[in-house]
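Raw start_35.txt, compact mmCIF, N, CA and C atoms:
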```
# COMPACT_ATOMS: atom_id res chain seq x y z
N MET A 1 0.83 -1.19 0.00
CA MET A 1 0.00 0.00 0.00
C MET A 1 0.87 1.25 0.00
N LYS A 2 1.95 1.26 0.76
CA LYS A 2 2.85 2.41 0.81
C LYS A 2 3.49 2.66 -0.55
N ASP A 3 3.80 1.57 -1.29
CA ASP A 3 4.41 1.75 -2.60
C ASP A 3 3.44 2.45 -3.55
N ARG A 4 2.18 2.06 -3.50
CA ARG A 4 1.17 2.68 -4.36
C ARG A 4 0.98 4.15 -3.99
N GLN A 5 0.94 4.43 -2.69
CA GLN A 5 0.79 5.82 -2.27
C GLN A 5 2.02 6.64 -2.67
N ALA A 6 3.20 6.06 -2.55
CA ALA A 6 4.42 6.76 -2.94
C ALA A 6 4.38 7.14 -4.42
N VAL A 7 3.91 6.23 -5.26
CA VAL A 7 3.80 6.52 -6.70
C VAL A 7 2.81 7.66 -6.93
N LEU A 8 1.65 7.59 -6.28
CA LEU A 8 0.64 8.64 -6.44
C LEU A 8 1.16 9.99 -5.96
N LEU A 9 1.84 9.99 -4.82
CA LEU A 9 2.40 11.24 -4.31
C LEU A 9 3.47 11.79 -5.24
N ARG A 10 4.31 10.91 -5.75
CA ARG A 10 5.35 11.38 -6.68
C ARG A 10 4.74 12.00 -7.93
N ILE A 11 3.70 11.37 -8.45
CA ILE A 11 3.01 11.93 -9.62
C ILE A 11 2.44 13.30 -9.28
N ALA A 12 1.81 13.41 -8.12
CA ALA A 12 1.22 14.69 -7.70
C ALA A 12 2.30 15.75 -7.52
N PHE A 13 3.39 15.40 -6.84
CA PHE A 13 4.45 16.38 -6.61
C PHE A 13 5.11 16.81 -7.91
N LEU A 14 5.30 15.88 -8.82
CA LEU A 14 5.89 16.22 -10.11
C LEU A 14 4.95 17.11 -10.92
N ALA A 15 3.68 16.72 -10.98
CA ALA A 15 2.69 17.53 -11.72
C ALA A 15 2.60 18.93 -11.12
N GLY A 16 2.60 19.02 -9.80
CA GLY A 16 2.53 20.32 -9.15
C GLY A 16 3.74 21.18 -9.40
N SER A 17 4.93 20.58 -9.35
CA SER A 17 6.13 21.38 -9.55
C SER A 17 6.26 21.84 -11.01
N VAL A 18 5.86 21.01 -11.95
CA VAL A 18 5.88 21.42 -13.36
C VAL A 18 4.85 22.54 -13.59
N THR A 19 3.65 22.36 -13.02
CA THR A 19 2.61 23.38 -13.17
C THR A 19 3.06 24.71 -12.57
N ASP A 20 3.65 24.66 -11.39
CA ASP A 20 4.15 25.89 -10.76
C ASP A 20 5.25 26.52 -11.59
N GLY A 21 6.13 25.72 -12.14
CA GLY A 21 7.20 26.25 -12.98
C GLY A 21 6.65 26.97 -14.20
N VAL A 22 5.63 26.39 -14.81
CA VAL A 22 5.00 27.03 -15.97
C VAL A 22 4.25 28.30 -15.53
N ALA A 23 3.64 28.26 -14.36
CA ALA A 23 2.89 29.42 -13.86
C ALA A 23 3.81 30.61 -13.56
N LEU A 24 5.07 30.34 -13.35
CA LEU A 24 6.02 31.43 -13.12
C LEU A 24 6.19 32.31 -14.36
N LEU A 25 6.06 31.72 -15.53
CA LEU A 25 6.35 32.46 -16.76
C LEU A 25 5.52 33.72 -16.94
N PRO A 26 4.16 33.65 -16.83
CA PRO A 26 3.41 34.90 -16.99
C PRO A 26 3.65 35.89 -15.84
N MET A 27 4.10 35.39 -14.70
CA MET A 27 4.43 36.30 -13.60
C MET A 27 5.68 37.11 -13.92
N LEU A 28 6.62 36.48 -14.57
CA LEU A 28 7.90 37.12 -14.87
C LEU A 28 7.91 37.87 -16.20
N PHE A 29 7.03 37.48 -17.12
CA PHE A 29 7.00 38.08 -18.45
C PHE A 29 5.61 38.62 -18.75
N PRO A 30 5.38 39.92 -18.53
CA PRO A 30 4.05 40.52 -18.72
C PRO A 30 3.41 40.25 -20.08
N PRO A 31 4.16 40.23 -21.20
CA PRO A 31 3.48 39.94 -22.47
C PRO A 31 2.82 38.55 -22.47
N LEU A 32 3.39 37.62 -21.76
CA LEU A 32 2.80 36.29 -21.67
C LEU A 32 1.51 36.32 -20.85
N ALA A 33 1.48 37.12 -19.81
CA ALA A 33 0.26 37.29 -19.01
C ALA A 33 -0.84 37.91 -19.88
N ASN A 34 -0.47 38.83 -20.72
CA ASN A 34 -1.44 39.45 -21.62
C ASN A 34 -1.99 38.43 -22.60
N LEU A 35 -1.12 37.59 -23.14
CA LEU A 35 -1.53 36.58 -24.11
C LEU A 35 -2.45 35.53 -23.46
N LEU A 36 -2.07 35.05 -22.29
CA LEU A 36 -2.83 33.97 -21.64
C LEU A 36 -4.08 34.45 -20.92
N LEU A 37 -3.98 35.57 -20.24
CA LEU A 37 -5.07 36.02 -19.38
C LEU A 37 -5.75 37.29 -19.87
N GLY A 38 -5.18 37.94 -20.89
CA GLY A 38 -5.74 39.19 -21.35
C GLY A 38 -5.49 40.32 -20.36
N HIS A 39 -4.46 40.16 -19.57
CA HIS A 39 -4.13 41.14 -18.53
C HIS A 39 -2.91 41.93 -18.98
N ASN A 40 -3.08 43.25 -19.08
CA ASN A 40 -2.03 44.08 -19.66
C ASN A 40 -1.47 45.09 -18.66
N GLU A 41 -1.49 44.76 -17.41
CA GLU A 41 -1.00 45.67 -16.37
C GLU A 41 0.51 45.60 -16.31
N THR A 42 1.16 46.77 -16.30
CA THR A 42 2.63 46.81 -16.21
C THR A 42 3.12 47.88 -15.25
N SER A 43 2.24 48.37 -14.38
CA SER A 43 2.67 49.43 -13.46
C SER A 43 3.73 48.90 -12.50
N ALA A 44 4.44 49.81 -11.87
CA ALA A 44 5.50 49.42 -10.94
C ALA A 44 4.94 48.63 -9.76
N GLY A 45 3.78 49.03 -9.26
CA GLY A 45 3.16 48.31 -8.15
C GLY A 45 2.77 46.89 -8.54
N TYR A 46 2.22 46.77 -9.73
CA TYR A 46 1.85 45.43 -10.22
C TYR A 46 3.08 44.55 -10.41
N ARG A 47 4.13 45.11 -10.99
CA ARG A 47 5.36 44.33 -11.20
C ARG A 47 5.95 43.91 -9.86
N PHE A 48 5.92 44.80 -8.87
CA PHE A 48 6.41 44.44 -7.54
C PHE A 48 5.62 43.26 -6.98
N ALA A 49 4.29 43.34 -7.06
CA ALA A 49 3.44 42.26 -6.53
C ALA A 49 3.70 40.95 -7.28
N MET A 50 3.86 41.02 -8.59
CA MET A 50 4.11 39.81 -9.38
C MET A 50 5.47 39.21 -9.06
N ASN A 51 6.47 40.05 -8.88
CA ASN A 51 7.79 39.54 -8.52
C ASN A 51 7.76 38.89 -7.14
N TYR A 52 7.02 39.47 -6.23
CA TYR A 52 6.83 38.90 -4.90
C TYR A 52 6.15 37.53 -5.02
N ALA A 53 5.08 37.49 -5.80
CA ALA A 53 4.34 36.24 -6.00
C ALA A 53 5.21 35.20 -6.70
N ALA A 54 6.04 35.64 -7.63
CA ALA A 54 6.93 34.72 -8.35
C ALA A 54 7.93 34.08 -7.39
N ALA A 55 8.42 34.86 -6.44
CA ALA A 55 9.35 34.30 -5.44
C ALA A 55 8.65 33.22 -4.61
N LEU A 56 7.42 33.47 -4.21
CA LEU A 56 6.66 32.47 -3.45
C LEU A 56 6.36 31.24 -4.31
N MET A 57 6.00 31.46 -5.56
CA MET A 57 5.72 30.35 -6.47
C MET A 57 6.97 29.50 -6.69
N PHE A 58 8.10 30.16 -6.86
CA PHE A 58 9.35 29.42 -7.02
C PHE A 58 9.66 28.60 -5.77
N GLY A 59 9.44 29.20 -4.60
CA GLY A 59 9.66 28.47 -3.35
C GLY A 59 8.77 27.25 -3.24
N TRP A 60 7.51 27.38 -3.65
CA TRP A 60 6.60 26.23 -3.58
C TRP A 60 7.01 25.17 -4.60
N THR A 61 7.49 25.60 -5.74
CA THR A 61 8.00 24.66 -6.75
C THR A 61 9.14 23.84 -6.17
N ALA A 62 10.05 24.51 -5.47
CA ALA A 62 11.17 23.81 -4.83
C ALA A 62 10.67 22.88 -3.72
N LEU A 63 9.67 23.31 -2.96
CA LEU A 63 9.11 22.46 -1.91
C LEU A 63 8.53 21.18 -2.50
N LEU A 64 7.81 21.30 -3.60
CA LEU A 64 7.23 20.11 -4.25
C LEU A 64 8.32 19.20 -4.79
N ALA A 65 9.38 19.77 -5.35
CA ALA A 65 10.50 18.95 -5.83
C ALA A 65 11.17 18.24 -4.65
N TRP A 66 11.29 18.92 -3.53
CA TRP A 66 11.86 18.32 -2.31
C TRP A 66 10.97 17.17 -1.82
N ALA A 67 9.66 17.38 -1.81
CA ALA A 67 8.73 16.34 -1.36
C ALA A 67 8.76 15.12 -2.29
N TYR A 68 9.02 15.34 -3.56
CA TYR A 68 9.10 14.26 -4.54
C TYR A 68 10.16 13.23 -4.14
N ARG A 69 11.23 13.68 -3.51
CA ARG A 69 12.35 12.79 -3.17
C ARG A 69 11.99 11.77 -2.10
N ARG A 70 11.15 12.14 -1.14
CA ARG A 70 10.69 11.24 -0.07
C ARG A 70 9.20 11.44 0.13
N PRO A 71 8.41 10.92 -0.78
CA PRO A 71 6.98 11.26 -0.80
C PRO A 71 6.20 10.81 0.43
N ILE A 72 6.49 9.64 0.96
CA ILE A 72 5.73 9.16 2.12
C ILE A 72 6.03 10.02 3.34
N GLU A 73 7.28 10.27 3.59
CA GLU A 73 7.67 11.06 4.75
C GLU A 73 7.18 12.51 4.65
N ARG A 74 7.03 13.01 3.44
CA ARG A 74 6.67 14.41 3.23
C ARG A 74 5.27 14.57 2.64
N ARG A 75 4.43 13.58 2.85
CA ARG A 75 3.10 13.59 2.24
C ARG A 75 2.23 14.76 2.69
N PHE A 76 2.50 15.32 3.86
CA PHE A 76 1.69 16.45 4.33
C PHE A 76 1.82 17.65 3.40
N VAL A 77 2.90 17.71 2.62
CA VAL A 77 3.05 18.78 1.62
C VAL A 77 1.88 18.71 0.63
N ALA A 78 1.36 17.53 0.37
CA ALA A 78 0.21 17.39 -0.54
C ALA A 78 -1.02 18.09 0.04
N ALA A 79 -1.26 17.92 1.33
CA ALA A 79 -2.39 18.58 1.98
C ALA A 79 -2.21 20.10 1.97
N LEU A 80 -1.01 20.55 2.25
CA LEU A 80 -0.74 21.99 2.22
C LEU A 80 -0.92 22.56 0.82
N THR A 81 -0.50 21.79 -0.17
CA THR A 81 -0.64 22.24 -1.56
C THR A 81 -2.10 22.37 -1.94
N ALA A 82 -2.93 21.44 -1.48
CA ALA A 82 -4.37 21.54 -1.76
C ALA A 82 -4.94 22.83 -1.18
N LEU A 83 -4.50 23.22 0.02
CA LEU A 83 -4.96 24.48 0.61
C LEU A 83 -4.52 25.68 -0.23
N VAL A 84 -3.30 25.64 -0.72
CA VAL A 84 -2.80 26.73 -1.56
C VAL A 84 -3.62 26.82 -2.85
N ILE A 85 -3.90 25.69 -3.47
CA ILE A 85 -4.69 25.68 -4.70
C ILE A 85 -6.08 26.25 -4.43
N LEU A 86 -6.69 25.85 -3.33
CA LEU A 86 -8.01 26.39 -2.99
C LEU A 86 -7.95 27.91 -2.80
N GLY A 87 -6.89 28.40 -2.19
CA GLY A 87 -6.72 29.84 -2.03
C GLY A 87 -6.57 30.55 -3.36
N LEU A 88 -5.84 29.94 -4.28
CA LEU A 88 -5.69 30.52 -5.62
C LEU A 88 -7.02 30.57 -6.35
N VAL A 89 -7.79 29.50 -6.24
CA VAL A 89 -9.11 29.46 -6.89
C VAL A 89 -10.00 30.56 -6.33
N LEU A 90 -9.99 30.72 -5.03
CA LEU A 90 -10.80 31.77 -4.40
C LEU A 90 -10.39 33.15 -4.91
N ALA A 91 -9.09 33.41 -4.98
CA ALA A 91 -8.61 34.70 -5.48
C ALA A 91 -9.03 34.91 -6.94
N GLU A 92 -9.00 33.84 -7.74
CA GLU A 92 -9.38 33.94 -9.15
C GLU A 92 -10.88 34.20 -9.30
N VAL A 93 -11.68 33.56 -8.48
CA VAL A 93 -13.13 33.78 -8.53
C VAL A 93 -13.44 35.23 -8.17
N VAL A 94 -12.79 35.75 -7.15
CA VAL A 94 -12.98 37.15 -6.76
C VAL A 94 -12.58 38.07 -7.91
N ALA A 95 -11.47 37.78 -8.57
CA ALA A 95 -11.01 38.60 -9.70
C ALA A 95 -11.99 38.56 -10.86
N VAL A 96 -12.54 37.39 -11.14
CA VAL A 96 -13.52 37.27 -12.23
C VAL A 96 -14.78 38.05 -11.87
N ARG A 97 -15.24 37.91 -10.64
CA ARG A 97 -16.46 38.63 -10.20
C ARG A 97 -16.25 40.14 -10.23
N ALA A 98 -15.02 40.59 -10.00
CA ALA A 98 -14.72 42.03 -10.01
C ALA A 98 -14.47 42.54 -11.43
N GLY A 99 -14.46 41.64 -12.42
CA GLY A 99 -14.26 42.05 -13.80
C GLY A 99 -12.81 42.19 -14.22
N VAL A 100 -11.90 41.71 -13.40
CA VAL A 100 -10.47 41.79 -13.74
C VAL A 100 -10.14 40.83 -14.88
N PHE A 101 -10.71 39.63 -14.82
CA PHE A 101 -10.50 38.61 -15.84
C PHE A 101 -11.85 38.11 -16.33
N SER A 102 -11.86 37.61 -17.55
CA SER A 102 -13.06 36.94 -18.08
C SER A 102 -13.07 35.50 -17.59
N ALA A 103 -14.25 35.00 -17.28
CA ALA A 103 -14.38 33.63 -16.80
C ALA A 103 -13.86 32.63 -17.83
N TRP A 104 -14.08 32.91 -19.10
CA TRP A 104 -13.64 31.96 -20.13
C TRP A 104 -12.12 31.84 -20.17
N ARG A 105 -11.42 32.91 -19.80
CA ARG A 105 -9.96 32.83 -19.76
C ARG A 105 -9.48 32.04 -18.54
N MET A 106 -10.27 32.05 -17.48
CA MET A 106 -9.90 31.33 -16.26
C MET A 106 -10.32 29.86 -16.31
N ALA A 107 -11.25 29.51 -17.17
CA ALA A 107 -11.78 28.14 -17.21
C ALA A 107 -10.69 27.08 -17.37
N PRO A 108 -9.72 27.24 -18.27
CA PRO A 108 -8.67 26.21 -18.37
C PRO A 108 -7.86 26.09 -17.07
N THR A 109 -7.61 27.22 -16.43
CA THR A 109 -6.88 27.19 -15.16
C THR A 109 -7.69 26.46 -14.10
N TRP A 110 -8.98 26.72 -14.06
CA TRP A 110 -9.84 26.04 -13.07
C TRP A 110 -9.90 24.54 -13.33
N CYS A 111 -9.92 24.15 -14.59
CA CYS A 111 -9.90 22.71 -14.92
C CYS A 111 -8.59 22.07 -14.43
N LEU A 112 -7.48 22.74 -14.69
CA LEU A 112 -6.19 22.23 -14.24
C LEU A 112 -6.14 22.16 -12.71
N GLN A 113 -6.63 23.19 -12.05
CA GLN A 113 -6.63 23.20 -10.59
C GLN A 113 -7.52 22.10 -10.02
N THR A 114 -8.64 21.84 -10.66
CA THR A 114 -9.51 20.75 -10.22
C THR A 114 -8.79 19.42 -10.34
N ALA A 115 -8.12 19.21 -11.46
CA ALA A 115 -7.37 17.96 -11.65
C ALA A 115 -6.27 17.83 -10.60
N LEU A 116 -5.56 18.92 -10.33
CA LEU A 116 -4.50 18.88 -9.32
C LEU A 116 -5.06 18.61 -7.93
N LEU A 117 -6.19 19.23 -7.60
CA LEU A 117 -6.82 18.98 -6.29
C LEU A 117 -7.20 17.51 -6.14
N LEU A 118 -7.76 16.95 -7.20
CA LEU A 118 -8.13 15.52 -7.15
C LEU A 118 -6.88 14.66 -7.01
N LEU A 119 -5.83 15.00 -7.72
CA LEU A 119 -4.58 14.24 -7.67
C LEU A 119 -3.95 14.33 -6.28
N PHE A 120 -3.79 15.53 -5.75
CA PHE A 120 -3.19 15.70 -4.43
C PHE A 120 -4.06 15.07 -3.35
N GLY A 121 -5.36 15.27 -3.45
CA GLY A 121 -6.27 14.70 -2.44
C GLY A 121 -6.27 13.19 -2.44
N SER A 122 -6.33 12.59 -3.62
CA SER A 122 -6.35 11.12 -3.67
C SER A 122 -5.01 10.53 -3.26
N ALA A 123 -3.91 11.20 -3.58
CA ALA A 123 -2.59 10.70 -3.19
C ALA A 123 -2.42 10.79 -1.67
N TYR A 124 -2.85 11.90 -1.09
CA TYR A 124 -2.70 12.08 0.36
C TYR A 124 -3.60 11.12 1.13
N HIS A 125 -4.82 10.96 0.67
CA HIS A 125 -5.81 10.14 1.39
C HIS A 125 -5.83 8.69 0.94
N TYR A 126 -4.92 8.26 0.11
CA TYR A 126 -4.94 6.90 -0.44
C TYR A 126 -5.08 5.82 0.63
N PRO A 127 -4.27 5.80 1.69
CA PRO A 127 -4.43 4.72 2.67
C PRO A 127 -5.77 4.78 3.39
N PHE A 128 -6.31 5.96 3.58
CA PHE A 128 -7.60 6.09 4.26
C PHE A 128 -8.72 5.56 3.39
N ARG A 129 -8.63 5.79 2.09
CA ARG A 129 -9.62 5.25 1.17
C ARG A 129 -9.60 3.73 1.19
N ARG A 130 -8.39 3.16 1.21
CA ARG A 130 -8.27 1.70 1.23
C ARG A 130 -8.83 1.12 2.53
N ILE A 131 -8.53 1.74 3.64
CA ILE A 131 -9.02 1.27 4.94
C ILE A 131 -10.54 1.38 4.99
N ALA A 132 -11.07 2.51 4.53
CA ALA A 132 -12.52 2.70 4.55
C ALA A 132 -13.21 1.68 3.65
N ALA A 133 -12.65 1.44 2.47
CA ALA A 133 -13.24 0.46 1.56
C ALA A 133 -13.19 -0.94 2.18
N ALA A 134 -12.09 -1.27 2.83
CA ALA A 134 -11.98 -2.59 3.46
C ALA A 134 -12.97 -2.71 4.61
N GLY A 135 -13.13 -1.65 5.38
CA GLY A 135 -14.07 -1.67 6.50
C GLY A 135 -15.50 -1.82 6.05
N ILE A 136 -15.86 -1.15 4.98
CA ILE A 136 -17.22 -1.24 4.46
C ILE A 136 -17.47 -2.64 3.94
N THR A 137 -16.50 -3.19 3.21
CA THR A 137 -16.64 -4.55 2.68
C THR A 137 -16.73 -5.55 3.82
N ALA A 138 -15.85 -5.40 4.81
CA ALA A 138 -15.85 -6.33 5.93
C ALA A 138 -17.17 -6.25 6.68
N GLY A 139 -17.70 -5.05 6.80
CA GLY A 139 -18.97 -4.90 7.50
C GLY A 139 -20.11 -5.58 6.77
N LEU A 140 -20.09 -5.60 5.46
CA LEU A 140 -21.14 -6.23 4.70
C LEU A 140 -20.98 -7.74 4.68
N ASP A 141 -19.74 -8.20 4.67
CA ASP A 141 -19.49 -9.64 4.64
C ASP A 141 -19.77 -10.29 6.00
N ASN A 142 -19.47 -9.58 7.07
CA ASN A 142 -19.62 -10.13 8.42
C ASN A 142 -20.47 -9.19 9.27
N PRO A 143 -21.76 -9.20 9.07
CA PRO A 143 -22.59 -8.29 9.86
C PRO A 143 -22.55 -8.70 11.34
N PRO A 144 -22.67 -7.72 12.25
CA PRO A 144 -22.64 -8.04 13.68
C PRO A 144 -23.83 -8.90 14.06
N LYS A 145 -23.59 -9.84 15.00
CA LYS A 145 -24.66 -10.71 15.45
C LYS A 145 -25.33 -10.08 16.67
N PRO A 146 -26.65 -10.13 16.70
CA PRO A 146 -27.34 -9.53 17.85
C PRO A 146 -27.06 -10.30 19.13
N ASN A 147 -26.96 -9.60 20.21
CA ASN A 147 -26.79 -10.22 21.54
C ASN A 147 -28.16 -10.47 22.13
N ILE A 148 -28.54 -11.74 22.19
CA ILE A 148 -29.85 -12.09 22.75
C ILE A 148 -29.66 -12.99 23.94
```

Structure translated into structure tokens:
Amino acid sequence: MKDRQAVLLRIAFLAGSVTDGVALLPMLFPPLANLLLGHNETSAGYRFAMNYAAALMFGWTALLAWAYRRPIERRFVAALTALVILGLVLAEVVAVRAGVFSAWRMAPTWCLQTALLLLFGSAYHYPFRRIAAAGITAGLDNPPKPNI
């Protein structure tokens, strides 16, 4: 069971680190942000915020690469990553509602984030799913006998 979870965690950590690495590009290169998101902001304040965010994104990319090396021991990084993804989704929804981005431009990102959430969640909870499935099966196969 640990081997299967290790494989799932490694896949999640690799997918996350590659995704984060690609996400750095529009943060560092404004023309790419304009192409992908239709966002053409280049003010000094915006560039400062993006550079700050890029540093955090790079750090998380390194954290995921670090977790990849010992996935079972560092599996909690998967749970933390799911929280980060949920925070990003929330920020994106707020931006779309405020008219900063069009929903259609965010849809591919939301699909990717959904896939990553499912991947990280299933990898982190893999042993619990197996135990729960075994318990449910065992309960159906061997129902408790009444005490009379």

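Nearest to Val18 (chain A) of all the residues A:Leu116, A:Met106, A:Leu90, A:Ile72 is A:Leu116, based on only C-alpha atoms.
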
Problem set entry | Selected residue, from A:Ala82, A:Pro71, A:Val93, A:Leu25, that lies nearest to Gln5 (chain A) when counting all atoms listed in the file | A:Pro71

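Picture a line from atom C of Leu35 (chain A) to atom N of Thr81 (chain A); it runs 27.1 Å.
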
Problem set entry | Selected residue of minimal separation from Ile85 (chain A) among A:Gln113, A:Ser17, A:Thr61, A:Ser102, counting only C-alpha atoms |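 Using only C-alpha atoms, Ile85 (chain A) sits closest to A:Gln113.
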
Problem set entry | Which residue of A:Phe13, A:Ala54, A:Leu64, A:Phe48 approaches Met27 (chain A) most closely, using only C-alpha atoms |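 The closest residue to Met27 (chain A) is A:Ala54.
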
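Here atom C of Ala67 (chain A) and CA of Asp20 (chain A) stand 14.5 Å from one another.
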